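Enquirer: Below is a structure I'd like to ask you about.
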Amino acid sequence: MMARILGIFVITCMIYLFTRTSSSPLGDLLFNPFSPPQREGDDNEGGLQVGFYDQTCPRAQEIVKDVMFKAFQNDSGLAAAMVRLQSHDCLVNGCDGSVLLDQVAGGGRVEKQAPANGKTVRGFDLIDSAKEAVERECPGVVSCADILTFLSRDALVLSGLPEFDAPGGRRDGRVSREEDVVKSIASPNNTVDQLVRLFETKGLGVEDMVALLGAHSIGVAHCSNFRYRLKDPKKEKEVEGSMKVVMGFQCLNRRHTVPMDSVTNYRMDSVFYRQLLKKKALLESDQLLASDSRTQPLVEKFAGDEAEWFRKFTESFIKMGQIQVLTGDQGEIRRNCRFVN
């Protein structure tokens, strides 16, 4: 009798364990039997989380998206401005919102005053508007670094990139120095070697670099950053005929700007890469990607497969957004994105 009761007990336990286990997807059982699958809100690299503000400020991303949408309707060029600001923030000492800080009386010059930024970056008023809107909903909760990341993501989606989740949880830095920008931001005349080294110091590989530079699909370049190519016979050979005309005609004034993608300059698409293959890039550093043995195959791949570029760009964007982030009790949550608390 005892043996029969014991047998029933063992069978019952086995059924219970099986039903608990079988509720997981088959892939989880095959490839990761000891750890639960990552869910929205779980930690990822850098201590960031998708849905980080779900409990503390549930409407944060909705509010930011609404601000970006309204601004985009009035000025679609702000999309490129947000993407540029976010990348210039992350590549200089990490994604900590330091590019947003203003110089204070008695303090040194800050990142936004560096030549690589200066008059060529904009969108600070838009960030102020988004921060003010979020502060009205959830005071002291959402960082400026995250607001900048969400604005950049929303700008990319409005420009044609498929929807994707951007992790949150960054905190704001307290330091911004002009001198830190020089060694961290690419120049229009950089060689591929220089670009590769710069991106590698930030933990980004060659494919990440080529994918991210595809953001030049939107936005403009200042004439002073490419007009010099026409004055050097060797460099001029790398410029397609019609582009020489565009450069010469539209850059009679060095302060003018020219769309980096003359075909679909407000849309994120693979036309940019096809232009590189035709020697129609404005920036020398972009054009070199189409002739270097490390980067040419990637340019050709993205030119012919837009969906693959979208996938890799999104992956690399999220990866860039994890560079040297401040999390937990590091840094602060600024009340005003232009000044430390």
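Letters A, B, ... mark the chains of the structure tokens in the order given; residue numbers begin at 1 per chain; ligand numbers begin at 1, in order shown.
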Considering only C-alpha atoms, give me a table of residues in region 75-130 of chain A that are at most 12 Å from region 252-273 of chain A, with the closest atom pair and distance in Å for each, as a Markdown table.
Expert:
| residue | atom | partner | partner_atom | distance |
| --- | --- | --- | --- | --- |
| A:Asp75 | CA | A:Tyr266 | CA | 10.4 |
| A:Ser76 | CA | A:Tyr266 | CA | 6.9 |
| A:Gly77 | CA | A:Tyr266 | CA | 7.1 |
| A:Leu78 | CA | A:Tyr266 | CA | 9.9 |
| A:Ala79 | CA | A:Tyr266 | CA | 8.3 |
| A:Ala80 | CA | A:Tyr266 | CA | 8.3 |
| A:Ala81 | CA | A:Tyr266 | CA | 11.6 |
| A:Val83 | CA | A:Met268 | CA | 11.6 |
| A:Lys119 | CA | A:Arg255 | CA | 10.5 |
| A:Thr120 | CA | A:Thr257 | CA | 10.2 |
Enquirer: Region 111-251 of chain A: which residues are helix (DSSP H, G or I) by DSSP, as a VMD selection string?
Expert: chain A and resid 111 to 113 118 to 120 124 to 137 144 to 158 179 to 182 192 to 201 206 to 217 223 to 225 227 to 231 233 to 236 241 to 250
Enquirer: Which residue is closest to Leu91 (chain A)? Choose from A:Met243, A:Cys337, A:Ala186, A:Ala303 and count only C-alpha atoms.
Expert: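 Distance minimum relative to Leu91 (chain A) lands on A:Ala186.
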Enquirer: Which polymer residues have any atom within 9 Å of an atom of Lys312 (chain A), counting only C-alpha atoms, with same-chain residues fewer than 6 positions away left out, as a list in words?
Expert: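 Returned residues: Glu207, Asp208, Ala211 and Leu212 of chain A.
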Enquirer: Can you work out which one of A:Ala130, A:Val340, A:Ile218, A:Ala281 has the shortest atom-to-atom distance to Asp66 (chain A), counting only C-alpha atoms?
Expert: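 The answer is A:Ala130, which sits nearest to Asp66 (chain A).
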Enquirer: With DSSP run on the backbone, what are the strand (DSSP E) residues within region 95-261 of chain A? I'd like them as a PyMOL selection string.
Expert: chain A and resi 220-222+257-259
Enquirer: Which residue out of A:Arg227, A:Ser176, A:Ala60, A:Gly248 has the minimum interatomic distance to Lys131 (chain A) when only C-alpha atoms are used?
Expert: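 Nearest to Lys131 (chain A): A:Ala60.
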Enquirer: Which is closest to Gly169 (chain A) among A:Ala290, A:Leu195, A:Met209, A:Leu48, if we use only C-alpha atoms?
Expert: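 Among the listed residues, A:Leu48 lies closest to Gly169 (chain A).
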Enquirer: Between A:Val245, A:Leu156, A:Ile323, A:Val192, single out the one closest to Asp286 (chain A), counting only C-alpha atoms.
Expert: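 Closest to Asp286 (chain A), using only C-alpha atoms: A:Val192.
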Enquirer: List the neighbours of Thr191 (chain A) out to 10 Å using only C-alpha atoms; skip same-chain residues closer than 5 positions along the sequence, and give me the result as a list in words.
Expert: Ala186, Val196, Glu284, Ser285, Asp286, Gln287, Leu288, Leu289 and Asp292 of chain A
Enquirer: If you keep C-alpha atoms, can you produce a file of those selected residues as a PDB file, in the first residue's frame?
Expert:
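And here's part00.pdb as it stands now:
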ATOM      1  CA  ALA A 186      35.331  62.063 -36.546  1.00  0.00           C
ATOM      2  CA  VAL A 196      38.100  52.430 -37.462  1.00  0.00           C
ATOM      3  CA  GLU A 284      35.531  62.499 -48.132  1.00  0.00           C
ATOM      4  CA  SER A 285      35.389  60.173 -45.122  1.00  0.00           C
ATOM      5  CA  ASP A 286      32.069  58.765 -46.384  1.00  0.00           C
ATOM      6  CA  GLN A 287      33.368  58.242 -49.910  1.00  0.00           C
ATOM      7  CA  LEU A 288      36.429  56.329 -48.699  1.00  0.00           C
ATOM      8  CA  LEU A 289      34.124  53.648 -47.268  1.00  0.00           C
ATOM      9  CA  ASP A 292      38.547  50.335 -48.594  1.00  0.00           C
TER      10      ASP A 292
END
